[in-house]
$ cat model-v3.pdb   # PDB, N, CA and C atoms
ATOM      1  N   MET A 405      -5.372 -25.647 -12.545
ATOM      2  CA  MET A 405      -5.156 -24.377 -11.881
ATOM      3  C   MET A 405      -3.842 -23.764 -12.357
ATOM      4  N   GLN A 406      -3.872 -22.477 -12.561
ATOM      5  CA  GLN A 406      -2.703 -21.744 -13.034
ATOM      6  C   GLN A 406      -2.407 -20.627 -12.037
ATOM      7  N   THR A 407      -1.125 -20.358 -11.803
ATOM      8  CA  THR A 407      -0.760 -19.222 -10.972
ATOM      9  C   THR A 407       0.053 -18.222 -11.787
ATOM     10  N   VAL A 408       0.006 -16.978 -11.335
ATOM     11  CA  VAL A 408       0.703 -15.899 -12.021
ATOM     12  C   VAL A 408       1.593 -15.197 -10.997
ATOM     13  N   PRO A 409       2.883 -14.966 -11.311
ATOM     14  CA  PRO A 409       3.745 -14.271 -10.362
ATOM     15  C   PRO A 409       3.372 -12.789 -10.263
ATOM     16  N   ARG A 410       3.309 -12.280  -9.049
ATOM     17  CA  ARG A 410       3.004 -10.875  -8.796
ATOM     18  C   ARG A 410       3.870 -10.361  -7.665
ATOM     19  N   LYS A 411       3.927  -9.066  -7.552
ATOM     20  CA  LYS A 411       4.564  -8.402  -6.414
ATOM     21  C   LYS A 411       3.450  -7.876  -5.519
ATOM     22  N   ARG A 412       3.536  -8.154  -4.240
ATOM     23  CA  ARG A 412       2.562  -7.645  -3.275
ATOM     24  C   ARG A 412       3.178  -6.430  -2.600
ATOM     25  N   ILE A 413       2.520  -5.305  -2.760
ATOM     26  CA  ILE A 413       2.960  -4.078  -2.109
ATOM     27  C   ILE A 413       2.000  -3.801  -0.961
ATOM     28  N   GLU A 414       2.554  -3.633   0.224
ATOM     29  CA  GLU A 414       1.769  -3.242   1.388
ATOM     30  C   GLU A 414       2.287  -1.886   1.849
ATOM     31  N   ILE A 415       1.378  -0.939   1.969
ATOM     32  CA  ILE A 415       1.749   0.415   2.368
ATOM     33  C   ILE A 415       0.967   0.758   3.628
ATOM     34  N   PHE A 416       1.672   1.124   4.679
ATOM     35  CA  PHE A 416       1.056   1.541   5.935
ATOM     36  C   PHE A 416       1.336   3.027   6.094
ATOM     37  N   VAL A 417       0.283   3.855   6.113
ATOM     38  CA  VAL A 417       0.461   5.307   6.172
ATOM     39  C   VAL A 417      -0.631   5.976   7.003
ATOM     40  N   GLU A 418      -0.382   7.244   7.304
ATOM     41  CA  GLU A 418      -1.394   8.065   7.961
ATOM     42  C   GLU A 418      -2.518   8.339   6.959
ATOM     43  N   LEU A 419      -3.738   8.388   7.449
ATOM     44  CA  LEU A 419      -4.911   8.572   6.602
ATOM     45  C   LEU A 419      -4.826   9.784   5.667
ATOM     46  N   PRO A 420      -4.260  10.926   6.091
ATOM     47  CA  PRO A 420      -4.213  12.060   5.165
ATOM     48  C   PRO A 420      -3.440  11.803   3.864
ATOM     49  N   LEU A 421      -2.587  10.779   3.821
ATOM     50  CA  LEU A 421      -1.837  10.464   2.597
ATOM     51  C   LEU A 421      -2.592   9.520   1.665
ATOM     52  N   LEU A 422      -3.690   8.963   2.131
ATOM     53  CA  LEU A 422      -4.390   7.938   1.369
ATOM     54  C   LEU A 422      -4.823   8.424  -0.013
ATOM     55  N   ARG A 423      -5.488   9.541  -0.086
ATOM     56  CA  ARG A 423      -6.007  10.035  -1.371
ATOM     57  C   ARG A 423      -4.866  10.236  -2.372
ATOM     58  N   ARG A 424      -3.763  10.793  -1.914
ATOM     59  CA  ARG A 424      -2.615  11.031  -2.807
ATOM     60  C   ARG A 424      -2.022   9.715  -3.317
ATOM     61  N   LEU A 425      -1.911   8.719  -2.427
ATOM     62  CA  LEU A 425      -1.375   7.423  -2.845
ATOM     63  C   LEU A 425      -2.298   6.733  -3.844
ATOM     64  N   LEU A 426      -3.585   6.774  -3.598
ATOM     65  CA  LEU A 426      -4.523   6.117  -4.526
ATOM     66  C   LEU A 426      -4.532   6.809  -5.881
ATOM     67  N   ALA A 427      -4.434   8.135  -5.901
ATOM     68  CA  ALA A 427      -4.361   8.859  -7.181
ATOM     69  C   ALA A 427      -3.100   8.466  -7.942
ATOM     70  N   THR A 428      -1.999   8.319  -7.231
ATOM     71  CA  THR A 428      -0.738   7.911  -7.853
ATOM     72  C   THR A 428      -0.846   6.497  -8.414
ATOM     73  N   MET A 429      -1.476   5.594  -7.662
ATOM     74  CA  MET A 429      -1.651   4.228  -8.147
ATOM     75  C   MET A 429      -2.491   4.222  -9.424
ATOM     76  N   ASP A 430      -3.521   5.058  -9.470
ATOM     77  CA  ASP A 430      -4.336   5.169 -10.685
ATOM     78  C   ASP A 430      -3.509   5.695 -11.854
ATOM     79  N   GLU A 431      -2.698   6.732 -11.604
ATOM     80  CA  GLU A 431      -1.841   7.305 -12.657
ATOM     81  C   GLU A 431      -0.881   6.269 -13.222
ATOM     82  N   LEU A 432      -0.376   5.383 -12.352
ATOM     83  CA  LEU A 432       0.580   4.360 -12.774
ATOM     84  C   LEU A 432      -0.087   3.157 -13.434
ATOM     85  N   GLY A 433      -1.406   3.108 -13.395
ATOM     86  CA  GLY A 433      -2.118   1.985 -13.998
ATOM     87  C   GLY A 433      -2.065   0.716 -13.176
ATOM     88  N   LEU A 434      -1.892   0.850 -11.852
ATOM     89  CA  LEU A 434      -1.904  -0.347 -11.009
ATOM     90  C   LEU A 434      -3.331  -0.881 -10.979
ATOM     91  N   PRO A 435      -3.489  -2.202 -11.065
ATOM     92  CA  PRO A 435      -4.795  -2.782 -11.359
ATOM     93  C   PRO A 435      -5.834  -2.732 -10.248
ATOM     94  N   GLY A 436      -5.443  -2.703  -9.014
ATOM     95  CA  GLY A 436      -6.416  -2.727  -7.931
ATOM     96  C   GLY A 436      -5.718  -2.699  -6.584
ATOM     97  N   TYR A 437      -6.523  -2.613  -5.535
ATOM     98  CA  TYR A 437      -5.977  -2.560  -4.190
ATOM     99  C   TYR A 437      -7.075  -2.888  -3.190
ATOM    100  N   SER A 438      -6.662  -3.173  -1.980
ATOM    101  CA  SER A 438      -7.568  -3.343  -0.854
ATOM    102  C   SER A 438      -7.129  -2.375   0.231
ATOM    103  N   LEU A 439      -8.107  -1.827   0.962
ATOM    104  CA  LEU A 439      -7.834  -0.880   2.039
ATOM    105  C   LEU A 439      -8.238  -1.492   3.372
ATOM    106  N   MET A 440      -7.435  -1.224   4.401
ATOM    107  CA  MET A 440      -7.740  -1.707   5.742
ATOM    108  C   MET A 440      -7.429  -0.608   6.752
ATOM    109  N   ASP A 441      -8.331  -0.405   7.699
ATOM    110  CA  ASP A 441      -8.063   0.505   8.805
ATOM    111  C   ASP A 441      -7.154  -0.203   9.797
ATOM    112  N   ILE A 442      -6.263   0.548  10.418
ATOM    113  CA  ILE A 442      -5.373   0.000  11.436
ATOM    114  C   ILE A 442      -5.706   0.713  12.744
ATOM    115  N   SER A 443      -6.056  -0.041  13.753
ATOM    116  CA  SER A 443      -6.504   0.567  15.003
ATOM    117  C   SER A 443      -5.392   0.743  16.022
ATOM    118  N   GLY A 444      -4.238   0.136  15.794
ATOM    119  CA  GLY A 444      -3.127   0.284  16.724
ATOM    120  C   GLY A 444      -1.971  -0.582  16.288
ATOM    121  N   GLY A 445      -0.867  -0.431  16.997
ATOM    122  CA  GLY A 445       0.307  -1.238  16.684
ATOM    123  C   GLY A 445       1.532  -0.750  17.423
ATOM    124  N   ARG A 446       2.681  -1.137  16.919
ATOM    125  CA  ARG A 446       3.943  -0.718  17.510
ATOM    126  C   ARG A 446       4.907  -0.423  16.380
ATOM    127  N   GLY A 447       5.561   0.716  16.452
ATOM    128  CA  GLY A 447       6.547   1.098  15.457
ATOM    129  C   GLY A 447       7.659   1.874  16.120
ATOM    130  N   ALA A 448       8.889   1.639  15.716
ATOM    131  CA  ALA A 448      10.067   2.295  16.301
ATOM    132  C   ALA A 448      10.094   2.117  17.819
ATOM    133  N   GLY A 449       9.598   0.944  18.281
ATOM    134  CA  GLY A 449       9.644   0.642  19.710
ATOM    135  C   GLY A 449       8.555   1.285  20.537
ATOM    136  N   THR A 450       7.654   2.025  19.904
ATOM    137  CA  THR A 450       6.600   2.726  20.630
ATOM    138  C   THR A 450       5.236   2.192  20.213
ATOM    139  N   ALA A 451       4.430   1.800  21.194
ATOM    140  CA  ALA A 451       3.068   1.353  20.899
ATOM    141  C   ALA A 451       2.192   2.586  20.696
ATOM    142  N   TRP A 452       1.181   2.445  19.842
ATOM    143  CA  TRP A 452       0.252   3.545  19.619
ATOM    144  C   TRP A 452      -1.147   2.986  19.416
ATOM    145  N   SER A 453      -2.137   3.836  19.605
ATOM    146  CA  SER A 453      -3.529   3.484  19.393
ATOM    147  C   SER A 453      -4.260   4.727  18.950
ATOM    148  N   GLU A 454      -5.236   4.559  18.068
ATOM    149  CA  GLU A 454      -5.987   5.723  17.610
ATOM    150  C   GLU A 454      -7.052   6.138  18.616
ATOM    151  N   SER A 455      -7.337   5.305  19.621
ATOM    152  CA  SER A 455      -8.377   5.648  20.592
ATOM    153  C   SER A 455      -7.969   6.882  21.388
ATOM    154  N   GLY A 456      -8.921   7.751  21.595
ATOM    155  CA  GLY A 456      -8.662   8.963  22.353
ATOM    156  C   GLY A 456      -8.095  10.100  21.539
ATOM    157  N   GLU A 457      -7.831   9.877  20.249
ATOM    158  CA  GLU A 457      -7.284  10.929  19.404
ATOM    159  C   GLU A 457      -8.405  11.796  18.851
ATOM    160  N   ILE A 458      -8.118  13.051  18.649
ATOM    161  CA  ILE A 458      -9.078  13.958  18.047
ATOM    162  C   ILE A 458      -8.694  14.147  16.589
ATOM    163  N   GLY A 459      -9.625  13.937  15.683
ATOM    164  CA  GLY A 459      -9.339  14.068  14.258
ATOM    165  C   GLY A 459      -8.771  12.779  13.700
ATOM    166  N   ASN A 460      -8.399  12.813  12.411
ATOM    167  CA  ASN A 460      -7.922  11.592  11.762
ATOM    168  C   ASN A 460      -6.450  11.643  11.387
ATOM    169  N   ALA A 461      -5.726  12.674  11.828
ATOM    170  CA  ALA A 461      -4.323  12.805  11.434
ATOM    171  C   ALA A 461      -3.480  11.642  11.926
ATOM    172  N   SER A 462      -3.861  11.027  13.036
ATOM    173  CA  SER A 462      -3.066   9.919  13.557
ATOM    174  C   SER A 462      -3.643   8.563  13.166
ATOM    175  N   GLN A 463      -4.760   8.547  12.426
ATOM    176  CA  GLN A 463      -5.344   7.292  11.981
ATOM    177  C   GLN A 463      -4.462   6.686  10.898
ATOM    178  N   MET A 464      -4.227   5.391  10.991
ATOM    179  CA  MET A 464      -3.388   4.698  10.026
ATOM    180  C   MET A 464      -4.241   3.774   9.154
ATOM    181  N   VAL A 465      -3.817   3.618   7.903
ATOM    182  CA  VAL A 465      -4.480   2.723   6.966
ATOM    183  C   VAL A 465      -3.434   1.862   6.268
ATOM    184  N   ALA A 466      -3.885   0.736   5.749
ATOM    185  CA  ALA A 466      -3.020  -0.140   4.961
ATOM    186  C   ALA A 466      -3.619  -0.265   3.569
ATOM    187  N   ILE A 467      -2.755  -0.190   2.571
ATOM    188  CA  ILE A 467      -3.136  -0.394   1.179
ATOM    189  C   ILE A 467      -2.366  -1.627   0.705
ATOM    190  N   VAL A 468      -3.071  -2.581   0.148
ATOM    191  CA  VAL A 468      -2.430  -3.796  -0.375
ATOM    192  C   VAL A 468      -2.781  -3.909  -1.844
ATOM    193  N   SER A 469      -1.746  -4.111  -2.677
ATOM    194  CA  SER A 469      -1.956  -4.239  -4.113
ATOM    195  C   SER A 469      -1.075  -5.358  -4.654
ATOM    196  N   LEU A 470      -1.614  -6.138  -5.570
ATOM    197  CA  LEU A 470      -0.867  -7.207  -6.249
ATOM    198  C   LEU A 470      -0.628  -6.745  -7.673
ATOM    199  N   ILE A 471       0.648  -6.525  -8.032
ATOM    200  CA  ILE A 471       0.945  -5.925  -9.329
ATOM    201  C   ILE A 471       1.892  -6.782 -10.154
ATOM    202  N   ASP A 472       1.907  -6.504 -11.430
ATOM    203  CA  ASP A 472       2.849  -7.135 -12.347
ATOM    204  C   ASP A 472       4.256  -6.715 -11.946
ATOM    205  N   PRO A 473       5.216  -7.637 -11.901
ATOM    206  CA  PRO A 473       6.576  -7.284 -11.510
ATOM    207  C   PRO A 473       7.188  -6.146 -12.330
ATOM    208  N   ASP A 474       6.776  -5.997 -13.587
ATOM    209  CA  ASP A 474       7.318  -4.930 -14.431
ATOM    210  C   ASP A 474       6.901  -3.533 -13.956
ATOM    211  N   LEU A 475       5.845  -3.444 -13.168
ATOM    212  CA  LEU A 475       5.365  -2.155 -12.671
ATOM    213  C   LEU A 475       5.982  -1.766 -11.326
ATOM    214  N   LEU A 476       6.786  -2.661 -10.758
ATOM    215  CA  LEU A 476       7.288  -2.449  -9.400
ATOM    216  C   LEU A 476       8.163  -1.211  -9.249
ATOM    217  N   GLU A 477       9.188  -1.064 -10.067
ATOM    218  CA  GLU A 477      10.137   0.050  -9.882
ATOM    219  C   GLU A 477       9.476   1.426  -9.965
ATOM    220  N   PRO A 478       8.671   1.714 -11.003
ATOM    221  CA  PRO A 478       8.029   3.029 -11.023
ATOM    222  C   PRO A 478       7.088   3.226  -9.835
ATOM    223  N   ALA A 479       6.408   2.161  -9.418
ATOM    224  CA  ALA A 479       5.502   2.269  -8.275
ATOM    225  C   ALA A 479       6.273   2.595  -7.002
ATOM    226  N   LEU A 480       7.371   1.894  -6.765
ATOM    227  CA  LEU A 480       8.158   2.142  -5.557
ATOM    228  C   LEU A 480       8.745   3.550  -5.541
ATOM    229  N   GLN A 481       9.192   4.019  -6.677
ATOM    230  CA  GLN A 481       9.752   5.374  -6.774
ATOM    231  C   GLN A 481       8.726   6.408  -6.320
ATOM    232  N   ARG A 482       7.519   6.317  -6.842
ATOM    233  CA  ARG A 482       6.471   7.290  -6.509
ATOM    234  C   ARG A 482       5.995   7.139  -5.070
ATOM    235  N   ILE A 483       5.841   5.898  -4.606
ATOM    236  CA  ILE A 483       5.409   5.670  -3.223
ATOM    237  C   ILE A 483       6.436   6.233  -2.253
ATOM    238  N   ALA A 484       7.719   5.985  -2.523
ATOM    239  CA  ALA A 484       8.786   6.490  -1.654
ATOM    240  C   ALA A 484       8.766   8.013  -1.585
ATOM    241  N   GLU A 485       8.503   8.676  -2.705
ATOM    242  CA  GLU A 485       8.429  10.140  -2.710
ATOM    243  C   GLU A 485       7.290  10.640  -1.821
ATOM    244  N   ILE A 486       6.172   9.933  -1.820
ATOM    245  CA  ILE A 486       5.008  10.365  -1.050
ATOM    246  C   ILE A 486       5.202  10.142   0.447
ATOM    247  N   ILE A 487       5.763   8.998   0.840
ATOM    248  CA  ILE A 487       5.866   8.696   2.269
ATOM    249  C   ILE A 487       7.155   9.194   2.905
ATOM    250  N   ALA A 488       8.083   9.728   2.114
ATOM    251  CA  ALA A 488       9.349  10.231   2.671
ATOM    252  C   ALA A 488       9.069  11.306   3.716
ATOM    253  N   GLY A 489       9.671  11.155   4.883
ATOM    254  CA  GLY A 489       9.521  12.141   5.940
ATOM    255  C   GLY A 489       8.192  12.074   6.666
ATOM    256  N   ARG A 490       7.371  11.112   6.350
ATOM    257  CA  ARG A 490       6.055  10.943   6.992
ATOM    258  C   ARG A 490       6.060   9.663   7.815
ATOM    259  N   ILE A 491       4.985   9.470   8.551
ATOM    260  CA  ILE A 491       4.824   8.202   9.247
ATOM    261  C   ILE A 491       4.252   7.222   8.241
ATOM    262  N   GLY A 492       5.066   6.268   7.833
ATOM    263  CA  GLY A 492       4.615   5.295   6.851
ATOM    264  C   GLY A 492       5.745   4.375   6.453
ATOM    265  N   VAL A 493       5.361   3.247   5.917
ATOM    266  CA  VAL A 493       6.326   2.263   5.457
ATOM    267  C   VAL A 493       5.673   1.448   4.346
ATOM    268  N   ALA A 494       6.494   0.984   3.411
ATOM    269  CA  ALA A 494       6.013   0.109   2.347
ATOM    270  C   ALA A 494       6.852  -1.162   2.359
ATOM    271  N   SER A 495       6.210  -2.288   2.095
ATOM    272  CA  SER A 495       6.946  -3.546   1.987
ATOM    273  C   SER A 495       6.543  -4.229   0.683
ATOM    274  N   ILE A 496       7.448  -5.061   0.186
ATOM    275  CA  ILE A 496       7.232  -5.758  -1.073
ATOM    276  C   ILE A 496       7.540  -7.234  -0.860
ATOM    277  N   SER A 497       6.708  -8.093  -1.420
ATOM    278  CA  SER A 497       6.988  -9.520  -1.359
ATOM    279  C   SER A 497       6.572 -10.172  -2.676
ATOM    280  N   ASP A 498       7.174 -11.325  -2.944
ATOM    281  CA  ASP A 498       6.830 -12.109  -4.123
ATOM    282  C   ASP A 498       5.675 -13.029  -3.763
ATOM    283  N   VAL A 499       4.662 -13.061  -4.616
ATOM    284  CA  VAL A 499       3.511 -13.932  -4.394
ATOM    285  C   VAL A 499       3.113 -14.610  -5.700
ATOM    286  N   GLU A 500       2.355 -15.660  -5.585
ATOM    287  CA  GLU A 500       1.747 -16.347  -6.719
ATOM    288  C   GLU A 500       0.248 -16.164  -6.579
ATOM    289  N   VAL A 501      -0.393 -15.682  -7.623
ATOM    290  CA  VAL A 501      -1.828 -15.435  -7.600
ATOM    291  C   VAL A 501      -2.525 -16.507  -8.415
ATOM    292  N   VAL A 502      -3.553 -17.082  -7.848
ATOM    293  CA  VAL A 502      -4.339 -18.091  -8.544
ATOM    294  C   VAL A 502      -5.222 -17.384  -9.555
ATOM    295  N   ALA A 503      -5.108 -17.807 -10.812
ATOM    296  CA  ALA A 503      -5.874 -17.175 -11.881
ATOM    297  C   ALA A 503      -6.558 -18.244 -12.708
ATOM    298  N   GLU A 504      -7.709 -17.908 -13.255
ATOM    299  CA  GLU A 504      -8.402 -18.829 -14.132
ATOM    300  C   GLU A 504      -7.660 -18.939 -15.457
ATOM    301  N   ALA A 505      -7.644 -20.121 -16.030
ATOM    302  CA  ALA A 505      -7.058 -20.291 -17.363
ATOM    303  C   ALA A 505      -7.951 -19.587 -18.366
ATOM    304  N   ARG A 506      -7.349 -18.877 -19.290
ATOM    305  CA  ARG A 506      -8.139 -18.142 -20.300
ATOM    306  C   ARG A 506      -7.744 -18.526 -21.675
TER     307      ARG A 506
END

$ encode --input "model-v3.pdb" --output "structure tokens"
Amino acid sequence: MQTVPRKRIEIFVELPLLRRLLATMDELGLPGYSLMDISGGRGAGTAWSESGEIGNASQMVAIVSLIDPDLLEPALQRIAEIIAGRIGVASISDVEVVAEAR
């Protein structure tokens, strides 16, 4: 078994920003991502829930991507520009990805 070092980027944002973030990830050549709906949580000391809301402006989503460490800085620069002043946050962590020997 072989592992490969990667950076895990997790982005939590309002649904209206999703299309713009995914287009940016494509432009940067990021290899892939997973999407998750978020039904509630707590941020800045305030709990929230999407139940009872009209429309999708308050719906939150998570984007998770495992990228080559060399792609991190340009990705963070663009992500920060998109989520600045919006409800959203990005986190980065070091991970090891299990890969088949080739």

$ resolve_selection --input "model-v3.pdb" --expression "the PyMOL selection byres ((chain A and resi 423-432) around 8)" --output "NGL selection string"
:A and (418-422 or 433-436 or 475 or 478-479 or 482-483 or 486)

$ atom_distance --input "model-v3.pdb" --atom1 "CA of Asp441 in chain A" --atom2 "CA of Ile467 in chain A"
9.1 Å

$ resolve_selection --input "model-v3.pdb" --expression "the PyMOL selection byres ((chain A and resi 502) around 6)" --output "PyMOL selection string"
chain A and resi 406-408+500-501+503-504

$ resolve_selection --input "model-v3.pdb" --expression "the PyMOL selection byres (((chain A and resi 469 and name CA) around 7) and name CA)" --output "ChimeraX atom specification"
/A:412-414,436-438,467-468,470-471

$ atom_distance --input "model-v3.pdb" --atom1 "atom N of Gly492 in chain A" --atom2 "atom N of Arg446 in chain A"
12.0 Å

$ select_by_dssp --input "model-v3.pdb" --residues "chain A" --states "strand (DSSP E)" --output "JSON list (two decimals) with N, CA and C atoms, keeping the file's coordinate frame"
[["chain", "number", "residue", "atom", "x", "y", "z"],
["A", 406, "GLN", "N", -3.87, -22.48, -12.56],
["A", 406, "GLN", "CA", -2.70, -21.74, -13.03],
["A", 406, "GLN", "C", -2.41, -20.63, -12.04],
["A", 407, "THR", "N", -1.12, -20.36, -11.80],
["A", 407, "THR", "CA", -0.76, -19.22, -10.97],
["A", 407, "THR", "C", 0.05, -18.22, -11.79],
["A", 408, "VAL", "N", 0.01, -16.98, -11.34],
["A", 408, "VAL", "CA", 0.70, -15.90, -12.02],
["A", 408, "VAL", "C", 1.59, -15.20, -11.00],
["A", 409, "PRO", "N", 2.88, -14.97, -11.31],
["A", 409, "PRO", "CA", 3.74, -14.27, -10.36],
["A", 409, "PRO", "C", 3.37, -12.79, -10.26],
["A", 410, "ARG", "N", 3.31, -12.28, -9.05],
["A", 410, "ARG", "CA", 3.00, -10.88, -8.80],
["A", 410, "ARG", "C", 3.87, -10.36, -7.66],
["A", 411, "LYS", "N", 3.93, -9.07, -7.55],
["A", 411, "LYS", "CA", 4.56, -8.40, -6.41],
["A", 411, "LYS", "C", 3.45, -7.88, -5.52],
["A", 412, "ARG", "N", 3.54, -8.15, -4.24],
["A", 412, "ARG", "CA", 2.56, -7.64, -3.28],
["A", 412, "ARG", "C", 3.18, -6.43, -2.60],
["A", 413, "ILE", "N", 2.52, -5.30, -2.76],
["A", 413, "ILE", "CA", 2.96, -4.08, -2.11],
["A", 413, "ILE", "C", 2.00, -3.80, -0.96],
["A", 414, "GLU", "N", 2.55, -3.63, 0.22],
["A", 414, "GLU", "CA", 1.77, -3.24, 1.39],
["A", 414, "GLU", "C", 2.29, -1.89, 1.85],
["A", 415, "ILE", "N", 1.38, -0.94, 1.97],
["A", 415, "ILE", "CA", 1.75, 0.42, 2.37],
["A", 415, "ILE", "C", 0.97, 0.76, 3.63],
["A", 416, "PHE", "N", 1.67, 1.12, 4.68],
["A", 416, "PHE", "CA", 1.06, 1.54, 5.94],
["A", 416, "PHE", "C", 1.34, 3.03, 6.09],
["A", 417, "VAL", "N", 0.28, 3.86, 6.11],
["A", 417, "VAL", "CA", 0.46, 5.31, 6.17],
["A", 417, "VAL", "C", -0.63, 5.98, 7.00],
["A", 418, "GLU", "N", -0.38, 7.24, 7.30],
["A", 418, "GLU", "CA", -1.39, 8.06, 7.96],
["A", 418, "GLU", "C", -2.52, 8.34, 6.96],
["A", 438, "SER", "N", -6.66, -3.17, -1.98],
["A", 438, "SER", "CA", -7.57, -3.34, -0.85],
["A", 438, "SER", "C", -7.13, -2.38, 0.23],
["A", 439, "LEU", "N", -8.11, -1.83, 0.96],
["A", 439, "LEU", "CA", -7.83, -0.88, 2.04],
["A", 439, "LEU", "C", -8.24, -1.49, 3.37],
["A", 440, "MET", "N", -7.44, -1.22, 4.40],
["A", 440, "MET", "CA", -7.74, -1.71, 5.74],
["A", 440, "MET", "C", -7.43, -0.61, 6.75],
["A", 441, "ASP", "N", -8.33, -0.40, 7.70],
["A", 441, "ASP", "CA", -8.06, 0.50, 8.80],
["A", 441, "ASP", "C", -7.15, -0.20, 9.80],
["A", 442, "ILE", "N", -6.26, 0.55, 10.42],
["A", 442, "ILE", "CA", -5.37, 0.00, 11.44],
["A", 442, "ILE", "C", -5.71, 0.71, 12.74],
["A", 444, "GLY", "N", -4.24, 0.14, 15.79],
["A", 444, "GLY", "CA", -3.13, 0.28, 16.72],
["A", 444, "GLY", "C", -1.97, -0.58, 16.29],
["A", 445, "GLY", "N", -0.87, -0.43, 17.00],
["A", 445, "GLY", "CA", 0.31, -1.24, 16.68],
["A", 445, "GLY", "C", 1.53, -0.75, 17.42],
["A", 446, "ARG", "N", 2.68, -1.14, 16.92],
["A", 446, "ARG", "CA", 3.94, -0.72, 17.51],
["A", 446, "ARG", "C", 4.91, -0.42, 16.38],
["A", 447, "GLY", "N", 5.56, 0.72, 16.45],
["A", 447, "GLY", "CA", 6.55, 1.10, 15.46],
["A", 447, "GLY", "C", 7.66, 1.87, 16.12],
["A", 450, "THR", "N", 7.65, 2.02, 19.90],
["A", 450, "THR", "CA", 6.60, 2.73, 20.63],
["A", 450, "THR", "C", 5.24, 2.19, 20.21],
["A", 451, "ALA", "N", 4.43, 1.80, 21.19],
["A", 451, "ALA", "CA", 3.07, 1.35, 20.90],
["A", 451, "ALA", "C", 2.19, 2.59, 20.70],
["A", 452, "TRP", "N", 1.18, 2.44, 19.84],
["A", 452, "TRP", "CA", 0.25, 3.54, 19.62],
["A", 452, "TRP", "C", -1.15, 2.99, 19.42],
["A", 453, "SER", "N", -2.14, 3.84, 19.60],
["A", 453, "SER", "CA", -3.53, 3.48, 19.39],
["A", 453, "SER", "C", -4.26, 4.73, 18.95],
["A", 464, "MET", "N", -4.23, 5.39, 10.99],
["A", 464, "MET", "CA", -3.39, 4.70, 10.03],
["A", 464, "MET", "C", -4.24, 3.77, 9.15],
["A", 465, "VAL", "N", -3.82, 3.62, 7.90],
["A", 465, "VAL", "CA", -4.48, 2.72, 6.97],
["A", 465, "VAL", "C", -3.43, 1.86, 6.27],
["A", 466, "ALA", "N", -3.88, 0.74, 5.75],
["A", 466, "ALA", "CA", -3.02, -0.14, 4.96],
["A", 466, "ALA", "C", -3.62, -0.26, 3.57],
["A", 467, "ILE", "N", -2.76, -0.19, 2.57],
["A", 467, "ILE", "CA", -3.14, -0.39, 1.18],
["A", 467, "ILE", "C", -2.37, -1.63, 0.70],
["A", 468, "VAL", "N", -3.07, -2.58, 0.15],
["A", 468, "VAL", "CA", -2.43, -3.80, -0.38],
["A", 468, "VAL", "C", -2.78, -3.91, -1.84],
["A", 469, "SER", "N", -1.75, -4.11, -2.68],
["A", 469, "SER", "CA", -1.96, -4.24, -4.11],
["A", 469, "SER", "C", -1.08, -5.36, -4.65],
["A", 470, "LEU", "N", -1.61, -6.14, -5.57],
["A", 470, "LEU", "CA", -0.87, -7.21, -6.25],
["A", 470, "LEU", "C", -0.63, -6.74, -7.67],
["A", 471, "ILE", "N", 0.65, -6.52, -8.03],
["A", 471, "ILE", "CA", 0.94, -5.92, -9.33],
["A", 471, "ILE", "C", 1.89, -6.78, -10.15],
["A", 492, "GLY", "N", 5.07, 6.27, 7.83],
["A", 492, "GLY", "CA", 4.62, 5.30, 6.85],
["A", 492, "GLY", "C", 5.74, 4.38, 6.45],
["A", 493, "VAL", "N", 5.36, 3.25, 5.92],
["A", 493, "VAL", "CA", 6.33, 2.26, 5.46],
["A", 493, "VAL", "C", 5.67, 1.45, 4.35],
["A", 494, "ALA", "N", 6.49, 0.98, 3.41],
["A", 494, "ALA", "CA", 6.01, 0.11, 2.35],
["A", 494, "ALA", "C", 6.85, -1.16, 2.36],
["A", 495, "SER", "N", 6.21, -2.29, 2.10],
["A", 495, "SER", "CA", 6.95, -3.55, 1.99],
["A", 495, "SER", "C", 6.54, -4.23, 0.68],
["A", 496, "ILE", "N", 7.45, -5.06, 0.19],
["A", 496, "ILE", "CA", 7.23, -5.76, -1.07],
["A", 496, "ILE", "C", 7.54, -7.23, -0.86],
["A", 497, "SER", "N", 6.71, -8.09, -1.42],
["A", 497, "SER", "CA", 6.99, -9.52, -1.36],
["A", 497, "SER", "C", 6.57, -10.17, -2.68],
["A", 498, "ASP", "N", 7.17, -11.32, -2.94],
["A", 498, "ASP", "CA", 6.83, -12.11, -4.12],
["A", 498, "ASP", "C", 5.68, -13.03, -3.76],
["A", 499, "VAL", "N", 4.66, -13.06, -4.62],
["A", 499, "VAL", "CA", 3.51, -13.93, -4.39],
["A", 499, "VAL", "C", 3.11, -14.61, -5.70],
["A", 500, "GLU", "N", 2.36, -15.66, -5.58],
["A", 500, "GLU", "CA", 1.75, -16.35, -6.72],
["A", 500, "GLU", "C", 0.25, -16.16, -6.58],
["A", 501, "VAL", "N", -0.39, -15.68, -7.62],
["A", 501, "VAL", "CA", -1.83, -15.44, -7.60],
["A", 501, "VAL", "C", -2.52, -16.51, -8.41],
["A", 502, "VAL", "N", -3.55, -17.08, -7.85],
["A", 502, "VAL", "CA", -4.34, -18.09, -8.54],
["A", 502, "VAL", "C", -5.22, -17.38, -9.56],
["A", 503, "ALA", "N", -5.11, -17.81, -10.81],
["A", 503, "ALA", "CA", -5.87, -17.18, -11.88],
["A", 503, "ALA", "C", -6.56, -18.24, -12.71]]

$ axis_aligned_box --input "model-v3.pdb" --around "range 486-489 of chain A" --padding-each-side "5 Å" --output "AutoDock Vina command-line options"
--center_x 7.3 --center_y 10.4 --center_z 2.4 --size_x 14.7 --size_y 13.4 --size_z 18.5

$ atom_distance --input "model-v3.pdb" --atom1 "atom C of Val493 in chain A" --atom2 "CA of Leu480 in chain A"
10.2 Å
